[in-house]
Amino acid sequence: MASSRPVDRWIVLKFGGTSVSRRHRWNTIGDLAGKRAEEIGGRALVVVSALSGVTNELTAIAEGAADSAARVDALVTRHGAFLEELELGQEVLAERLAALRGLLQDPRAAGRPLDWQAEVLAQGELLSSTLGAAYLRSRGLDVGWMDARHWLQALPPSPNQSAWSQRLSVNCQGQGGEDFGSRFDAQPTRLLVTQGFIARHGDGGTAILGRGGSDTSAAYFGALLGARGVEIWTDVPGMFSANPKDVPDARLLTRLDYYEAQEIATTGAKVLHPRAIKPCRDAGVPMAIRDTGRPDMPGTRIDGSAEPVPGVKAISRRNGIVLVSMEGIGMWQQVGFLADVFALFKQHGLSVDLIGSAETNVTVSLDPSENLVSTDVLAALSADLAQVCKVKVIVPCAAITLVGRGMRSLLYKLSDVWATFGRERVHMISQSSNDLNLTFVIDEADADGLLPILHGELIDSGAMPVYDAQVFGPRWREIIGSVRPRATPWWRAPAARSRLLALAAQGTPAYAYDLATVRERARQLKAVAAIDRYFYAIKANPHPHILRALAEEGFGLECVSQGELERVFAAVPGIDPAQVLFTPSFAPIDEYRAALARGVNLTVDNVELLQHWPEVFRGRALWLRIDLGHGDGHHRKVNTGGKEAKFGLSAQRVEEFLEQARALDIRIGGIHAHLGSGVENSGHWQQMVDELAGFARRIGSVEVLDIGGGLPVPYSDDDEPFDLDAWGRGLAAVKAVHPAFQLAIEPGRFLVAECGVLLAHATQVVEKDGARRVGLDAGMNALLRPALYDAWHDIANLSRLDQACDADVGVVGPICESSDVFAQRVKLPRATAPGDVMLVADAGAYGFSMASTYNLRALPREEVLP
């Protein structure tokens with residue numbers, strides 16, 4: 001007979017320890033439960049954890065802590081104080097607290113059997129649910145309380161399951177009897193409060209669901225009830241593309257299918273326990289992760305109807321990974337070798353995570369979150385394995401995992417990721433058979449600081465499709481309000497837009513530069529008190545008007561070729577040669593002669609110059625560029641430090657250089673290091689000052705430490721303006737340690753990138769196999785950065801600036817090269833048409849200065865706005 005029970009009558013809401021530890025949070029719980037029940041026209045089951053930190057205390061008591069009595073007293077006091085905060089009488093918890101004290105007097109306490117430990121651990125949820133239900137009733141809500149152990153039944157033990165897991169890490173039945181829902185519906189109240197983490201053991205006693213047990217309890221209840229949904233309410237608004245504590249730019253994942261969510265939870269996300277997903281997946285019950293403190297945020301929805309979106313969704317890190325390497329000659333010819341080996345893991349109650357194999361070696365990983373891994377267990381396992389193979393245990397390791405649909409098809413986009421791991425000691429690489437993850441196991445110490453780098457590389461390569469609003473939401477820093485917004489670009493002002501449209505009407509492609517922006521950036525830098533000398537790296541943009549404007553603002557000019565030197569002296573007649581810095585790399589020797597003849601500051605970066613042309617440098621004052629052995633930057637092609645870079649004298653050869661310089665009576669007045677461009681880490685420059693000061697003291701004659709440039713600019717809405725104040729404070733602090741030296745900088749892009757735009761006309765709008773492309777009359781010959789560095793530039797339709805950007809398009813140029821692409825997934829008005837004026841933003845640095853006549857296309861013209 002078909003059931004007459006209403007479908008989707010219940011919704012299950014689980015609240016964690018931080019959500020049940022304060023009065024205002026219980027108010028939120030009551031409001032949310034009532035609201036959600038009303039929305040579905042049914043009832044709400046509230047599953048709660050113990051108060052924050054209580055389970056840790058109970059665990060210590062269960063494990064026999066010497067001060068267990070004092071710990072119990074502290075728990076009694078804490079819960080009593082919370083009752084007072086809730087304005088409830090102490091009698092509400094009198095029976096529960098007495099039971100907690102009684103467990104210490106229980107005859108079983110001396111031996112600490114597992115059934116007694118389970119009873120101890122259960123007290124936290126029993127206490128929190130009892131006081132919570134009483135408080136909500138005191139607010140006039142229709143709330144009942146129930147014991148989860150009357151409803152959740154632990155499964156019978158499986159073969160070789162350890163006694164510990166049979167009692168303290170159980171699984172529960174995911175299907176109820178025919179009368180389960182009816183009996184549940186018979187509860188008299190609209191809202192029910194129950195416990196997570198606990199269930200009934202087969203012997204009638206208490207069983208514990210183990211780590212993440214409250215999440216799993218909620219999932220079991222949802223599956224048993226065929227609920228409308230299971231919502232995990234916690235202190236973050238959902239799953240993220242990385243742990244926000246490690247990666248502040250991690251993005252909220254708004255929609256996932258069960259399998260991706262399972263992988264993300266299994267490989268490191270703490271917001272949802274992986275065991276909680278299977279019951280809901282098997283029953284087809286949707287899940288959601290929501291933020292108790294931000295209930296209006298949509299959170300992460302997990303269900304079976306999510307449209308698959310290829311790409312990496314998350315990157316995570318698990319610490320404490322144990323690798324067990326087993327080696328034997330000809331092991332693959334030994335029939336049953338693997339069966340024998342894995343039988344030993346099973347015998348010791350250990351579940352293997354990752355597996356890597358070779359002809360003479362099998363290496364597996366053990367995840368401590370899924371195993372009771374201890375020194376004793378590993379020693380016993382190693383002793384047994386030693387009978388069949390040579391064993392090596394490698395600890396501690398970290399597993400870095402990329403999770404997403406279609407990992408195999410993304411491998412070509414992961415070149416930067418592979419390169420980053422190539423600088424570390426990688427013990428194992430494992431790709432899942434379900435094509436959902438790719439894991440790298442490295443030494444735990446090497447994983448520090450790696451996630452932000454890898455996360456950025458995944459976004460830059462397009463492997464993590466953060467543009468897809470079906471899956472990705474706001475960044476963590478946006479959610480918590482810590483983002484410093486970009487200033488509105490100058491070209492969006494109505495007067496500037498009109499002026500630019502008029503310039504475009506005279507012909508495109510054309511660059512336009514706003515000198516007011518150049519002056520503003522110059523004055524921002526001049527306000528940094530720790531800097532003594534300022535140079536502008538003119539290779540970024542050598543336009544004469546820009547050179548004169550910066551010279552008027554007190555900047556010196558830094559050149560890298562004889563042509564740039566000649567441009568400086570022609571554009572700024574009468575400039576003091578002391579205000580000019582010449583920093584060539586592998587230039588012809590005649591350029592060095594010409595620079596010295598002009599009397600400018602000359603930087604050299606190798607000892608071979610002095611050895612081959614001693615007569616050129618004898619008796620001169622020079623600056624020395626040193627490679628400090630490491631680099632940085634937004635792309636590997638702008639990383640200018642380390643042995644792979646062509647720039648700078650190796651730090652290992654400084655003494656050799658000094659010996660040659662002394663022999664030629666050369667005086668070193670400044671030393672210089674520039675290790676990359678687009679460096680956002682303000683500590684990078686502090687480290688440079690510290691290291692350069694050490695060399696300066698060895699040299700003895702140095703007055704100036706030149707820390708180069710490379711200051712970043714925000715090229716997209718996801719980027720923030722560089723924090724000059726924090727940078728200046730850091731430099732001031734390290735300069736105070738080395739007061740004998742002046743500090744010099746030589747930025748380029750920071751001063752001019754935002755001043756320039758590239759104007760072009762749309763030539764064609766083409767649809768091809770579902771992809772839409774807008775062609776421009778400017779290509780990679782006009783702006784090379786996207787093709788050379790995978791650089792991003794915002795692109796706007798200046799003709800339709802006020803229209804909604806409601807179409808994703810690729811923007812390309814007319815050059816006969818596959819790399820002639822400005823950007824993919826650009827948001828433009830759907831009405832964009834041939835003849836529209838298009839604007840490529842932030843093109844003032846390394847735009848025209850790198851332009852060419854490739855394909856015999858004319859150079860863009862340049863216009864300057866005063």
# chains A, B, ... in the order shown; residues from 1 in each chain; ligands from 1
>>> residues_around(residues="Tyr258 (chain A)", least_positions_apart="5", cutoff="8 Å", atoms="only C-alpha atoms", output="MDAnalysis selection string")
chainID A and resid 277 281 302:304
>>> residues_around(residues="Trp26 (chain A)", least_positions_apart="2", cutoff="10 Å", atoms="only C-alpha atoms", output="list in words")
Phe15, Ser19, Val20, Ser21, Arg22, Arg23, His24, Thr28, Ile29, Gly30, Asp31, Leu32, Leu86, Gly132, Ala133, Tyr135, Leu136 and Thr292 of chain A
>>> write_last_selection(atoms="C-alpha atoms", output="short mmCIF file (atom, residue, chain, number, x, y, z; two decimals), in the first residue's frame")
data_model
loop_
_atom_site.label_atom_id
_atom_site.label_comp_id
_atom_site.auth_asym_id
_atom_site.auth_seq_id
_atom_site.Cartn_x
_atom_site.Cartn_y
_atom_site.Cartn_z
CA PHE A 15 24.29 23.81 13.89
CA SER A 19 26.56 28.39 16.52
CA VAL A 20 25.20 27.03 19.82
CA SER A 21 27.60 28.73 22.23
CA ARG A 22 26.00 32.20 22.43
CA ARG A 23 22.53 33.49 23.19
CA HIS A 24 22.17 35.54 20.02
CA THR A 28 19.12 32.91 15.10
CA ILE A 29 18.61 29.15 15.29
CA GLY A 30 15.04 29.61 16.45
CA ASP A 31 14.31 32.19 13.77
CA LEU A 32 15.87 30.12 11.01
CA LEU A 86 20.01 32.45 28.64
CA GLY A 132 18.80 24.96 23.61
CA ALA A 133 15.35 23.41 23.49
CA TYR A 135 15.67 28.37 25.72
CA LEU A 136 13.67 28.27 22.50
CA THR A 292 24.76 31.26 10.84
#
>>> closest_residue(among="A:Gly709, A:Gly53, A:Pro298, A:Gly563", to="Gly748 (chain A)", atoms="only C-alpha atoms")
A:Gly709
>>> atom_distance(atom1="CA of Gly813 (chain A)", atom2="CA of Gly456 (chain A)")
26.5 Å
>>> closest_residue(among="A:Asp179, A:Asp665, A:Glu566, A:Asp605", to="Arg620 (chain A)", atoms="only C-alpha atoms")
A:Asp665
>>> atom_distance(atom1="CA of Leu385 (chain A)", atom2="CA of Thr360 (chain A)")
14.8 Å
>>> atom_distance(atom1="CA of Met850 (chain A)", atom2="CA of Val568 (chain A)")
17.7 Å
>>> closest_residue(among="A:Trp116, A:Arg830, A:Arg190, A:Asp147", to="Glu38 (chain A)", atoms="only C-alpha atoms")
A:Arg190
>>> residues_around(residues="Ile671 (chain A)", least_positions_apart="4", cutoff="12 Å", atoms="only C-alpha atoms", output="NGL selection string")
:A and (583 or 601-605 or 621-628 or 648-649 or 651 or 654 or 667 or 688-689 or 691-708 or 741-745)
>>> write_last_selection(atoms="N, CA and C atoms", output="short mmCIF file (atom, residue, chain, number, x, y, z; two decimals), in the first residue's frame")
data_model
loop_
_atom_site.label_atom_id
_atom_site.label_comp_id
_atom_site.auth_asym_id
_atom_site.auth_seq_id
_atom_site.Cartn_x
_atom_site.Cartn_y
_atom_site.Cartn_z
N THR A 583 71.12 50.71 -16.85
CA THR A 583 71.18 49.34 -16.33
C THR A 583 71.05 48.37 -17.49
N ASN A 601 74.92 57.33 -14.04
CA ASN A 601 75.20 56.19 -13.16
C ASN A 601 75.08 54.91 -13.98
N LEU A 602 76.11 54.09 -13.94
CA LEU A 602 76.14 52.87 -14.73
C LEU A 602 76.10 51.66 -13.80
N THR A 603 75.22 50.73 -14.11
CA THR A 603 75.12 49.48 -13.36
C THR A 603 75.67 48.34 -14.21
N VAL A 604 76.54 47.54 -13.61
CA VAL A 604 77.06 46.35 -14.29
C VAL A 604 76.61 45.12 -13.51
N ASP A 605 76.58 43.98 -14.20
CA ASP A 605 76.03 42.80 -13.53
C ASP A 605 76.83 41.53 -13.76
N ALA A 621 83.28 54.99 -11.13
CA ALA A 621 82.31 54.71 -10.06
C ALA A 621 81.14 53.96 -10.71
N LEU A 622 80.80 52.81 -10.17
CA LEU A 622 79.77 51.96 -10.76
C LEU A 622 78.76 51.53 -9.69
N TRP A 623 77.61 51.08 -10.19
CA TRP A 623 76.66 50.34 -9.36
C TRP A 623 76.74 48.88 -9.79
N LEU A 624 76.42 48.00 -8.87
CA LEU A 624 76.52 46.56 -9.14
C LEU A 624 75.16 45.90 -8.93
N ARG A 625 74.71 45.15 -9.95
CA ARG A 625 73.46 44.39 -9.83
C ARG A 625 73.79 42.95 -9.40
N ILE A 626 73.18 42.53 -8.29
CA ILE A 626 73.44 41.21 -7.73
C ILE A 626 72.17 40.36 -7.84
N ASP A 627 72.35 39.13 -8.25
CA ASP A 627 71.25 38.17 -8.22
C ASP A 627 71.26 37.50 -6.85
N LEU A 628 70.21 37.73 -6.08
CA LEU A 628 70.15 37.22 -4.71
C LEU A 628 69.79 35.74 -4.66
N GLY A 648 71.99 39.82 -13.45
CA GLY A 648 72.65 39.93 -12.16
C GLY A 648 73.88 39.04 -11.97
N LEU A 649 74.78 39.54 -11.14
CA LEU A 649 75.96 38.79 -10.73
C LEU A 649 75.57 37.78 -9.68
N ALA A 651 75.42 35.77 -6.48
CA ALA A 651 75.89 36.10 -5.13
C ALA A 651 77.15 35.34 -4.76
N VAL A 654 80.45 37.45 -5.85
CA VAL A 654 80.64 38.84 -5.43
C VAL A 654 82.09 39.10 -5.04
N ARG A 667 85.14 52.07 -7.85
CA ARG A 667 84.40 52.30 -6.61
C ARG A 667 82.94 51.91 -6.83
N MET A 688 64.80 42.06 0.46
CA MET A 688 65.84 42.55 -0.44
C MET A 688 66.74 43.57 0.26
N VAL A 689 66.13 44.52 0.98
CA VAL A 689 66.93 45.52 1.69
C VAL A 689 67.88 44.83 2.66
N GLU A 691 69.07 41.77 2.63
CA GLU A 691 70.14 41.02 1.97
C GLU A 691 71.15 41.96 1.31
N LEU A 692 70.65 43.00 0.64
CA LEU A 692 71.57 43.94 -0.01
C LEU A 692 72.46 44.66 1.02
N ALA A 693 71.88 44.97 2.19
CA ALA A 693 72.67 45.64 3.22
C ALA A 693 73.84 44.78 3.65
N GLY A 694 73.64 43.46 3.68
CA GLY A 694 74.74 42.57 4.03
C GLY A 694 75.87 42.65 3.03
N PHE A 695 75.53 42.68 1.73
CA PHE A 695 76.57 42.83 0.70
C PHE A 695 77.22 44.21 0.78
N ALA A 696 76.41 45.24 1.04
CA ALA A 696 76.94 46.60 1.09
C ALA A 696 78.01 46.73 2.17
N ARG A 697 77.79 46.10 3.29
CA ARG A 697 78.78 46.18 4.38
C ARG A 697 80.07 45.47 3.99
N ARG A 698 79.95 44.38 3.23
CA ARG A 698 81.15 43.68 2.77
C ARG A 698 81.94 44.55 1.79
N ILE A 699 81.22 45.28 0.95
CA ILE A 699 81.89 46.10 -0.06
C ILE A 699 82.53 47.33 0.56
N GLY A 700 81.82 47.99 1.45
CA GLY A 700 82.40 49.10 2.21
C GLY A 700 82.16 50.48 1.65
N SER A 701 81.98 50.63 0.35
CA SER A 701 81.84 51.97 -0.25
C SER A 701 80.41 52.27 -0.69
N VAL A 702 79.49 51.37 -0.46
CA VAL A 702 78.12 51.51 -0.97
C VAL A 702 77.36 52.55 -0.17
N GLU A 703 76.66 53.42 -0.92
CA GLU A 703 75.80 54.42 -0.29
C GLU A 703 74.32 54.17 -0.56
N VAL A 704 74.02 53.53 -1.70
CA VAL A 704 72.64 53.39 -2.14
C VAL A 704 72.30 51.92 -2.35
N LEU A 705 71.15 51.52 -1.80
CA LEU A 705 70.59 50.20 -2.07
C LEU A 705 69.39 50.39 -2.99
N ASP A 706 69.50 49.87 -4.21
CA ASP A 706 68.45 50.00 -5.21
C ASP A 706 67.66 48.69 -5.23
N ILE A 707 66.39 48.76 -4.81
CA ILE A 707 65.58 47.55 -4.70
C ILE A 707 64.68 47.34 -5.91
N GLY A 708 64.97 48.05 -6.99
CA GLY A 708 64.28 47.82 -8.25
C GLY A 708 62.86 48.32 -8.24
N PHE A 741 72.38 53.46 4.81
CA PHE A 741 72.19 53.41 3.36
C PHE A 741 70.93 54.14 2.93
N GLN A 742 71.02 54.79 1.75
CA GLN A 742 69.84 55.35 1.11
C GLN A 742 69.12 54.24 0.34
N LEU A 743 67.82 54.40 0.21
CA LEU A 743 67.04 53.44 -0.57
C LEU A 743 66.61 54.09 -1.88
N ALA A 744 66.75 53.34 -2.96
CA ALA A 744 66.32 53.80 -4.29
C ALA A 744 65.35 52.78 -4.87
N ILE A 745 64.38 53.26 -5.66
CA ILE A 745 63.49 52.38 -6.40
C ILE A 745 63.45 52.84 -7.85
#
>>> select_by_dssp(residues="region 273-358 of chain A", states="strand (DSSP E or B)", output="ChimeraX atom specification")
/A:287-291,300-302,310-327,352-357
>>> write_last_selection(atoms="N, CA and C atoms", output="JSON list (two decimals), in the first residue's frame")
[["chain", "number", "residue", "atom", "x", "y", "z"],
["A", 287, "MET", "N", 21.66, 19.03, -0.18],
["A", 287, "MET", "CA", 22.35, 19.56, 0.98],
["A", 287, "MET", "C", 22.71, 21.03, 0.72],
["A", 288, "ALA", "N", 22.91, 21.76, 1.78],
["A", 288, "ALA", "CA", 23.39, 23.13, 1.66],
["A", 288, "ALA", "C", 24.26, 23.44, 2.85],
["A", 289, "ILE", "N", 25.27, 24.26, 2.63],
["A", 289, "ILE", "CA", 26.11, 24.75, 3.72],
["A", 289, "ILE", "C", 25.83, 26.24, 3.84],
["A", 290, "ARG", "N", 25.43, 26.67, 5.03],
["A", 290, "ARG", "CA", 25.02, 28.05, 5.23],
["A", 290, "ARG", "C", 25.77, 28.64, 6.42],
["A", 291, "ASP", "N", 25.79, 29.97, 6.48],
["A", 291, "ASP", "CA", 26.53, 30.70, 7.51],
["A", 291, "ASP", "C", 25.54, 31.25, 8.54],
["A", 300, "THR", "N", 26.59, 27.18, -0.10],
["A", 300, "THR", "CA", 26.90, 26.16, -1.11],
["A", 300, "THR", "C", 25.77, 25.15, -1.17],
["A", 301, "ARG", "N", 25.22, 24.94, -2.35],
["A", 301, "ARG", "CA", 24.16, 23.94, -2.54],
["A", 301, "ARG", "C", 24.78, 22.71, -3.19],
["A", 302, "ILE", "N", 24.43, 21.55, -2.65],
["A", 302, "ILE", "CA", 24.99, 20.28, -3.13],
["A", 302, "ILE", "C", 23.81, 19.38, -3.49],
["A", 310, "PRO", "N", 33.20, 21.68, -16.29],
["A", 310, "PRO", "CA", 34.59, 21.22, -16.27],
["A", 310, "PRO", "C", 35.49, 22.28, -15.63],
["A", 311, "GLY", "N", 36.52, 21.82, -14.96],
["A", 311, "GLY", "CA", 37.48, 22.74, -14.37],
["A", 311, "GLY", "C", 37.76, 22.43, -12.92],
["A", 312, "VAL", "N", 38.88, 22.98, -12.43],
["A", 312, "VAL", "CA", 39.25, 22.80, -11.03],
["A", 312, "VAL", "C", 38.32, 23.65, -10.18],
["A", 313, "LYS", "N", 37.69, 23.04, -9.21],
["A", 313, "LYS", "CA", 36.80, 23.78, -8.31],
["A", 313, "LYS", "C", 37.49, 24.18, -7.03],
["A", 314, "ALA", "N", 38.46, 23.38, -6.59],
["A", 314, "ALA", "CA", 39.09, 23.67, -5.30],
["A", 314, "ALA", "C", 40.48, 23.08, -5.24],
["A", 315, "ILE", "N", 41.30, 23.70, -4.41],
["A", 315, "ILE", "CA", 42.62, 23.15, -4.09],
["A", 315, "ILE", "C", 42.72, 23.11, -2.58],
["A", 316, "SER", "N", 43.19, 21.99, -2.06],
["A", 316, "SER", "CA", 43.20, 21.82, -0.61],
["A", 316, "SER", "C", 44.51, 21.20, -0.15],
["A", 317, "ARG", "N", 44.71, 21.27, 1.16],
["A", 317, "ARG", "CA", 45.93, 20.73, 1.76],
["A", 317, "ARG", "C", 45.55, 19.90, 2.98],
["A", 318, "ARG", "N", 46.10, 18.70, 3.06],
["A", 318, "ARG", "CA", 45.95, 17.86, 4.25],
["A", 318, "ARG", "C", 47.32, 17.62, 4.86],
["A", 319, "ASN", "N", 47.46, 17.94, 6.11],
["A", 319, "ASN", "CA", 48.72, 17.71, 6.82],
["A", 319, "ASN", "C", 48.72, 16.35, 7.51],
["A", 320, "GLY", "N", 49.88, 15.98, 7.99],
["A", 320, "GLY", "CA", 49.99, 14.75, 8.78],
["A", 320, "GLY", "C", 49.89, 13.48, 7.97],
["A", 321, "ILE", "N", 50.01, 13.58, 6.65],
["A", 321, "ILE", "CA", 49.93, 12.38, 5.81],
["A", 321, "ILE", "C", 51.15, 11.50, 6.06],
["A", 322, "VAL", "N", 50.91, 10.20, 6.15],
["A", 322, "VAL", "CA", 51.98, 9.21, 6.35],
["A", 322, "VAL", "C", 52.15, 8.42, 5.06],
["A", 323, "LEU", "N", 53.36, 8.38, 4.54],
["A", 323, "LEU", "CA", 53.66, 7.56, 3.37],
["A", 323, "LEU", "C", 54.37, 6.29, 3.82],
["A", 324, "VAL", "N", 53.93, 5.18, 3.29],
["A", 324, "VAL", "CA", 54.58, 3.90, 3.54],
["A", 324, "VAL", "C", 55.09, 3.37, 2.20],
["A", 325, "SER", "N", 56.41, 3.32, 2.08],
["A", 325, "SER", "CA", 57.04, 2.87, 0.85],
["A", 325, "SER", "C", 57.50, 1.43, 1.03],
["A", 326, "MET", "N", 57.09, 0.56, 0.12],
["A", 326, "MET", "CA", 57.42, -0.87, 0.19],
["A", 326, "MET", "C", 58.18, -1.26, -1.07],
["A", 327, "GLU", "N", 59.36, -1.80, -0.89],
["A", 327, "GLU", "CA", 60.22, -2.09, -2.02],
["A", 327, "GLU", "C", 60.68, -3.53, -1.97],
["A", 352, "VAL", "N", 43.90, 2.58, 3.33],
["A", 352, "VAL", "CA", 44.84, 3.22, 2.43],
["A", 352, "VAL", "C", 44.14, 4.30, 1.62],
["A", 353, "ASP", "N", 44.81, 5.44, 1.43],
["A", 353, "ASP", "CA", 44.24, 6.55, 0.66],
["A", 353, "ASP", "C", 44.78, 6.52, -0.76],
["A", 354, "LEU", "N", 46.01, 6.96, -0.96],
["A", 354, "LEU", "CA", 46.60, 7.03, -2.30],
["A", 354, "LEU", "C", 47.53, 5.85, -2.53],
["A", 355, "ILE", "N", 47.67, 5.46, -3.80],
["A", 355, "ILE", "CA", 48.54, 4.35, -4.15],
["A", 355, "ILE", "C", 49.39, 4.76, -5.35],
["A", 356, "GLY", "N", 50.70, 4.55, -5.25],
["A", 356, "GLY", "CA", 51.61, 4.74, -6.38],
["A", 356, "GLY", "C", 52.43, 3.47, -6.54],
["A", 357, "SER", "N", 52.65, 3.03, -7.77],
["A", 357, "SER", "CA", 53.35, 1.76, -7.96],
["A", 357, "SER", "C", 54.38, 1.85, -9.06]]
>>> closest_residue(among="A:Asn160, A:Gly669, A:Gln687, A:Val391", to="Gln347 (chain A)", atoms="only C-alpha atoms")
A:Asn160
>>> residues_around(residues="Gly144 (chain A)", least_positions_apart="2", cutoff="12 Å", atoms="only C-alpha atoms", output="PyMOL selection string")
chain A and resi 43-46+129-138+140-142+146-147+184+186-194
>>> write_last_selection(atoms="C-alpha atoms", output="PDB file, in the first residue's frame")
ATOM      1  CA  ARG A  43       8.499  21.019  10.147  1.00  0.00           C
ATOM      2  CA  ALA A  44      12.156  21.459  11.064  1.00  0.00           C
ATOM      3  CA  LEU A  45      14.543  19.125  12.854  1.00  0.00           C
ATOM      4  CA  VAL A  46      17.453  20.960  14.488  1.00  0.00           C
ATOM      5  CA  SER A 129      20.426  20.245  22.985  1.00  0.00           C
ATOM      6  CA  THR A 130      18.652  20.232  26.359  1.00  0.00           C
ATOM      7  CA  LEU A 131      19.480  23.837  27.192  1.00  0.00           C
ATOM      8  CA  GLY A 132      18.796  24.958  23.610  1.00  0.00           C
ATOM      9  CA  ALA A 133      15.352  23.407  23.490  1.00  0.00           C
ATOM     10  CA  ALA A 134      14.522  24.942  26.868  1.00  0.00           C
ATOM     11  CA  TYR A 135      15.667  28.373  25.717  1.00  0.00           C
ATOM     12  CA  LEU A 136      13.666  28.267  22.504  1.00  0.00           C
ATOM     13  CA  ARG A 137      10.582  27.203  24.446  1.00  0.00           C
ATOM     14  CA  SER A 138      11.157  30.159  26.790  1.00  0.00           C
ATOM     15  CA  GLY A 140       7.447  30.965  22.994  1.00  0.00           C
ATOM     16  CA  LEU A 141       8.436  28.629  20.170  1.00  0.00           C
ATOM     17  CA  ASP A 142       6.758  25.275  19.670  1.00  0.00           C
ATOM     18  CA  MET A 146      14.312  14.103  21.477  1.00  0.00           C
ATOM     19  CA  ASP A 147      17.136  11.655  22.041  1.00  0.00           C
ATOM     20  CA  PHE A 184       8.661  10.783  13.509  1.00  0.00           C
ATOM     21  CA  ALA A 186       3.880  11.770  15.519  1.00  0.00           C
ATOM     22  CA  GLN A 187       6.157  14.069  17.504  1.00  0.00           C
ATOM     23  CA  PRO A 188       3.806  16.756  18.847  1.00  0.00           C
ATOM     24  CA  THR A 189       5.816  19.934  18.132  1.00  0.00           C
ATOM     25  CA  ARG A 190       6.514  21.872  14.957  1.00  0.00           C
ATOM     26  CA  LEU A 191      10.239  22.142  15.745  1.00  0.00           C
ATOM     27  CA  LEU A 192      12.433  19.425  17.223  1.00  0.00           C
ATOM     28  CA  VAL A 193      15.907  19.694  18.724  1.00  0.00           C
ATOM     29  CA  THR A 194      18.164  16.639  18.830  1.00  0.00           C
TER      30      THR A 194
END
>>> closest_residue(among="A:Met428, A:Arg149, A:His545, A:Met407", to="Ala358 (chain A)", atoms="only C-alpha atoms")
A:Met428
>>> residues_around(residues="Gly202 (chain A)", least_positions_apart="4", cutoff="9 Å", atoms="only C-alpha atoms", output="list in words")
Gln153, Ala154, Leu155, Pro156, Thr206 and Ala207 of chain A
>>> select_by_dssp(residues="region 537-612 of chain A", states="helix (DSSP H, G or I)", output="PyMOL selection string")
chain A and resi 538-540+544-552+562-571+577-579+589-598+608-612
>>> closest_residue(among="A:Ser49, A:Gln387, A:Asn56, A:Ser128", to="Gly80 (chain A)", atoms="only C-alpha atoms")
A:Ser128
>>> residues_around(residues="region 408-423 of chain A", least_positions_apart="4", cutoff="12 Å", atoms="only C-alpha atoms", output="ChimeraX atom specification")
/A:310-313,315,399-404,427-443,446-447,449-465,630,632,634-637,790
>>> residues_around(residues="Pro834 (chain A)", least_positions_apart="6", cutoff="7 Å", atoms="only C-alpha atoms", output="PDB file with C-alpha atoms, in the first residue's frame")
ATOM      1  CA  ALA A 762      35.487  46.288 -33.578  1.00  0.00           C
ATOM      2  CA  THR A 763      35.936  44.760 -37.030  1.00  0.00           C
ATOM      3  CA  GLN A 764      33.774  41.632 -36.923  1.00  0.00           C
ATOM      4  CA  VAL A 765      31.605  39.713 -34.454  1.00  0.00           C
TER       5      VAL A 765
END
